[in-house]
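Asker: Structure incoming, see below.
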Amino acid sequence: MASAAQDGRFSFIAEWYDPNAALTRRYQFLFYPKDTTIEMYDIKNRRLFLKRSACPSVHLEDLYVGSTVNIHSRQLTFVDYADDFTRRALTSVKEKTLCIIKPDAISKFGPIIDAIYDGGFLVVNTKMTRLSRSDAEEFYAEHVGKPFYDNLVRFMSSGPCIGLELMADNGITAWRALLGPTDCSMARSDAPHSIRARFGTDGTKNACHGSDSVQSADRETNFFFGPSARKPNTATFRDCTCCIIKPTAVKEGKAGKIMTTITNAGFQVTALEMFHVEKANSEEFFEVYKGVVAEYMDMVTELTSGPCYVMEITGKGEETPQAFREFVGPADPEIARQLRPNTLRALFGSDKIHNAVHCTDLPTDGLMEVEYFFKILSD
């Protein structure tokens with residue numbers, strides 16, 4: 001404990017699924033922010049697994065319970081803190097809370113997510129779903145008997161919503177501050193730049209929900225994202241194509257702007273979920289490019305390098321896959337900027353691997369790619 005506090009070392013329990021042995025292996029993962037070095041111990045075998053060495057690609061903000069990080073081609077998932085120093089040091093700095101983009105604001109989800117990133121929040125989990133009446137009754141059980149309860153339950157189950165698990169320093173208070181007052185008219189007078197002032201209508205249709213305490217945040221994030229939550233996605237699997245906002249674009253805070261650009265172009269996002277794609281799934285998803293494009297392994301690595309957003313895109317009928325493919329633009333952003341400067345990759349990409357988004361190349365594969373994520377990998 002004293003040593004950890006003295007050298008600023010942070011310690012986590014990390015898991016890695018070994019596909020060859022079909023086993024989940026557990027490690028103590030040590031991170032030294034002073035010189036960005038890491039060290040790993042094999043817990044079961046009680047031995048050093050990776051001696052202390054530099055790892056400049058890993059940063060403290062990447063490390064929290066639930067995060068996924070690639071270390072030397074191994075995808076590690078952090079499942080717990082390994083000592084009291086780390087737990088105490090990071091509990092308030094990486095405090096989680098729940099945001100729900102309510103049915104009235106679902107058409108503004110892009111600008112809202114952009115405001116969340118601009119507000120300094122890390123988005124840990126995201127899922128578009130539709131609450132049943134019983135789901136809404138369970139979520140708002142503490143308000144049973146209050147005059148607004150029935151109207152609130154009816155409204156929250158009236159259409160799709162988006163749950164987001166957010167993290168920030170004192171995240172609960174910070175998110176409620178960004179939200180603004182519950183009543184949107186008060187928000188517009190007292191906090192004109194707040195989420196509810198910009199996107200809400202009244203005291204019920206007020207754009208977003210925010211947890212009000214640590215206990216509520218724990219319960220509400222588990223309601224949406226806990227092991228037994230299994231909230232259904234909203235994929236239609238009709239006249240659709242697949243879009244993935246790649247991990248690098250997510251890390252750079254571009255996700256909300258990309259979503260807004262997509263909807264402003266007349267496309268509809270009918271399903272949305274955040275995924276941490278494992279290497280085997282990334283290889284399978286990109287298998288059609290294996291031996292065809294030289295960047296195949298780089299594409300696999302990029303997709304597994306952090307969280308990504310996957311969307312079902314509709315809105316142009318049978319022409320959706322082709323129309324969206326044209327809107328995304330050439331694979332190389334430099335070429336896109338020369339030839340088609342208003343396409344997604346021209347606007348948001350940096351190079352051929354980090355080109356902001358993946359989209360379905362062949363119109364006949366649109367449904368198949370959507371099904372891969374929203375039928376096979378979802379939950």
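Just remember, in the structure tokens the first chain shown is A, the second B, etc., residues are 1-based per chain, and ligands are 1-based in the order shown.
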Mind dumping a table of every stretch 253-309 of chain A residue within 9 Å of stretch 112-132 of chain A, with the nearest atom pair and its distance in Å to one decimal, using only C-alpha atoms, sorted by chain and rising number, as a Markdown table?
Answerer:
```
| residue | atom | partner | partner_atom | distance |
| --- | --- | --- | --- | --- |
| A:Gly253 | CA | A:Tyr117 | CA | 6.0 |
| A:Lys254 | CA | A:Asp114 | CA | 7.5 |
| A:Ala255 | CA | A:Asp114 | CA | 7.0 |
| A:Gly256 | CA | A:Asp114 | CA | 4.1 |
| A:Lys257 | CA | A:Asp114 | CA | 6.1 |
| A:Met259 | CA | A:Ile113 | CA | 8.7 |
| A:Thr260 | CA | A:Asp114 | CA | 8.6 |
| A:Thr270 | CA | A:Met128 | CA | 8.4 |
| A:Ala271 | CA | A:Met128 | CA | 6.0 |
| A:Leu272 | CA | A:Met128 | CA | 5.2 |
| A:Glu273 | CA | A:Lys127 | CA | 4.3 |
| A:Met274 | CA | A:Thr126 | CA | 5.0 |
| A:Phe275 | CA | A:Asn125 | CA | 8.1 |
| A:Pro307 | CA | A:Val124 | CA | 8.1 |
| A:Tyr309 | CA | A:Thr126 | CA | 8.2 |
```
Asker: Could those residues be written to a file, using N, CA and C atoms, as a PDB file, in the first residue's frame?
Answerer:
```pdb
ATOM      1  N   GLY A 253     -12.921  11.890 -29.914  1.00  0.00           N
ATOM      2  CA  GLY A 253     -14.123  12.664 -29.609  1.00  0.00           C
ATOM      3  C   GLY A 253     -14.956  13.044 -30.813  1.00  0.00           C
ATOM      4  N   LYS A 254     -14.819  12.288 -31.915  1.00  0.00           N
ATOM      5  CA  LYS A 254     -15.520  12.632 -33.155  1.00  0.00           C
ATOM      6  C   LYS A 254     -16.869  11.940 -33.310  1.00  0.00           C
ATOM      7  N   ALA A 255     -17.214  11.013 -32.400  1.00  0.00           N
ATOM      8  CA  ALA A 255     -18.391  10.165 -32.609  1.00  0.00           C
ATOM      9  C   ALA A 255     -19.680  10.962 -32.766  1.00  0.00           C
ATOM     10  N   GLY A 256     -19.917  11.926 -31.871  1.00  0.00           N
ATOM     11  CA  GLY A 256     -21.148  12.705 -31.941  1.00  0.00           C
ATOM     12  C   GLY A 256     -21.251  13.507 -33.223  1.00  0.00           C
ATOM     13  N   LYS A 257     -20.129  14.074 -33.651  1.00  0.00           N
ATOM     14  CA  LYS A 257     -20.136  14.860 -34.898  1.00  0.00           C
ATOM     15  C   LYS A 257     -20.398  13.963 -36.108  1.00  0.00           C
ATOM     16  N   MET A 259     -22.130  11.125 -36.081  1.00  0.00           N
ATOM     17  CA  MET A 259     -23.550  10.763 -36.011  1.00  0.00           C
ATOM     18  C   MET A 259     -24.427  11.900 -36.514  1.00  0.00           C
ATOM     19  N   THR A 260     -24.110  13.122 -36.121  1.00  0.00           N
ATOM     20  CA  THR A 260     -24.891  14.283 -36.562  1.00  0.00           C
ATOM     21  C   THR A 260     -24.795  14.461 -38.070  1.00  0.00           C
ATOM     22  N   THR A 270     -31.203   3.468 -36.883  1.00  0.00           N
ATOM     23  CA  THR A 270     -32.281   2.702 -36.266  1.00  0.00           C
ATOM     24  C   THR A 270     -31.792   1.704 -35.226  1.00  0.00           C
ATOM     25  N   ALA A 271     -30.481   1.576 -35.068  1.00  0.00           N
ATOM     26  CA  ALA A 271     -29.895   0.795 -33.980  1.00  0.00           C
ATOM     27  C   ALA A 271     -28.513   1.358 -33.702  1.00  0.00           C
ATOM     28  N   LEU A 272     -28.136   1.366 -32.427  1.00  0.00           N
ATOM     29  CA  LEU A 272     -26.849   1.922 -32.019  1.00  0.00           C
ATOM     30  C   LEU A 272     -26.376   1.180 -30.778  1.00  0.00           C
ATOM     31  N   GLU A 273     -25.125   0.754 -30.787  1.00  0.00           N
ATOM     32  CA  GLU A 273     -24.568   0.075 -29.620  1.00  0.00           C
ATOM     33  C   GLU A 273     -23.051   0.225 -29.629  1.00  0.00           C
ATOM     34  N   MET A 274     -22.481   0.325 -28.422  1.00  0.00           N
ATOM     35  CA  MET A 274     -21.028   0.345 -28.293  1.00  0.00           C
ATOM     36  C   MET A 274     -20.537  -1.085 -28.125  1.00  0.00           C
ATOM     37  N   PHE A 275     -19.472  -1.430 -28.852  1.00  0.00           N
ATOM     38  CA  PHE A 275     -18.884  -2.764 -28.778  1.00  0.00           C
ATOM     39  C   PHE A 275     -17.404  -2.666 -28.461  1.00  0.00           C
ATOM     40  N   PRO A 307     -13.163   0.884 -27.695  1.00  0.00           N
ATOM     41  CA  PRO A 307     -14.594   0.792 -28.004  1.00  0.00           C
ATOM     42  C   PRO A 307     -14.926   1.430 -29.341  1.00  0.00           C
ATOM     43  N   TYR A 309     -18.513   2.392 -31.995  1.00  0.00           N
ATOM     44  CA  TYR A 309     -19.963   2.480 -32.124  1.00  0.00           C
ATOM     45  C   TYR A 309     -20.383   1.779 -33.407  1.00  0.00           C
TER      46      TYR A 309
END
```
Asker: For stretch 294-304 of chain A, work out the shell of residues within 7 Å, counting only C-alpha atoms and skipping chain neighbours fewer than 3 positions away, then give it as a list in words.
Answerer: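 What passes the distance filter is Lys246, Pro247, His276, Val277, Glu278, Lys279, Ser282, Glu283, Tyr289, Lys290 and Ile353 of chain A.
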Asker: I need the residues of stretch 146-337 of chain A that end up classed as alpha helix (DSSP H) by DSSP on the backbone, written out as number ranges by chain.
Answerer: A: 149-156, 171-179, 184-190, 195-199, 214-225, 247-251, 255-264, 279-285, 296-303, 320-328, 333-337
Asker: From the set A:Lys96, A:Ile244, A:Arg238, A:Ile313, which residue has the shortest atom-to-atom contact distance to A:Ala265, counting only C-alpha atoms?
Answerer: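 Closest residue, counting only C-alpha atoms: A:Ile313.
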Asker: Would you mind listing what lies within 8 Å of stretch 62-65 of chain A as a ChimeraX atom specification, with only C-alpha atoms counted and same-chain residues fewer than 5 positions away left out?
Answerer: /A:78-81,94
Asker: Take the residues from that selection and put them in a file with N, CA and C atoms, as an mmCIF file, in the first residue's frame.
Answerer:
```
data_model
loop_
_atom_site.group_PDB
_atom_site.id
_atom_site.type_symbol
_atom_site.label_atom_id
_atom_site.label_comp_id
_atom_site.auth_asym_id
_atom_site.auth_seq_id
_atom_site.Cartn_x
_atom_site.Cartn_y
_atom_site.Cartn_z
ATOM 1 N N PHE A 78 -10.354 -5.150 -17.858
ATOM 2 C CA PHE A 78 -10.114 -4.834 -16.448
ATOM 3 C C PHE A 78 -11.396 -5.086 -15.654
ATOM 4 N N VAL A 79 -11.319 -6.010 -14.698
ATOM 5 C CA VAL A 79 -12.531 -6.460 -14.001
ATOM 6 C C VAL A 79 -12.615 -5.974 -12.565
ATOM 7 N N ASP A 80 -11.509 -5.486 -11.987
ATOM 8 C CA ASP A 80 -11.559 -5.010 -10.604
ATOM 9 C C ASP A 80 -10.281 -4.246 -10.285
ATOM 10 N N TYR A 81 -10.347 -3.479 -9.187
ATOM 11 C CA TYR A 81 -9.129 -2.893 -8.639
ATOM 12 C C TYR A 81 -8.395 -3.980 -7.859
ATOM 13 N N LYS A 94 -12.977 8.481 -11.485
ATOM 14 C CA LYS A 94 -13.627 7.690 -12.532
ATOM 15 C C LYS A 94 -15.018 7.267 -12.047
#
```
Asker: Could you give me, as a PyMOL selection string, each residue of stretch 123-328 of chain A that DSSP assigns to strand (DSSP E) when run on this structure's backbone?
Answerer: chain A and resi 123-129+161-168+208-210+241-245+268-275+308-314
Asker: Would you mind reading off the distance between atom CA of A:Ser213 and atom CA of A:Thr77, one decimal, in Å?
Answerer: 26.6 Å
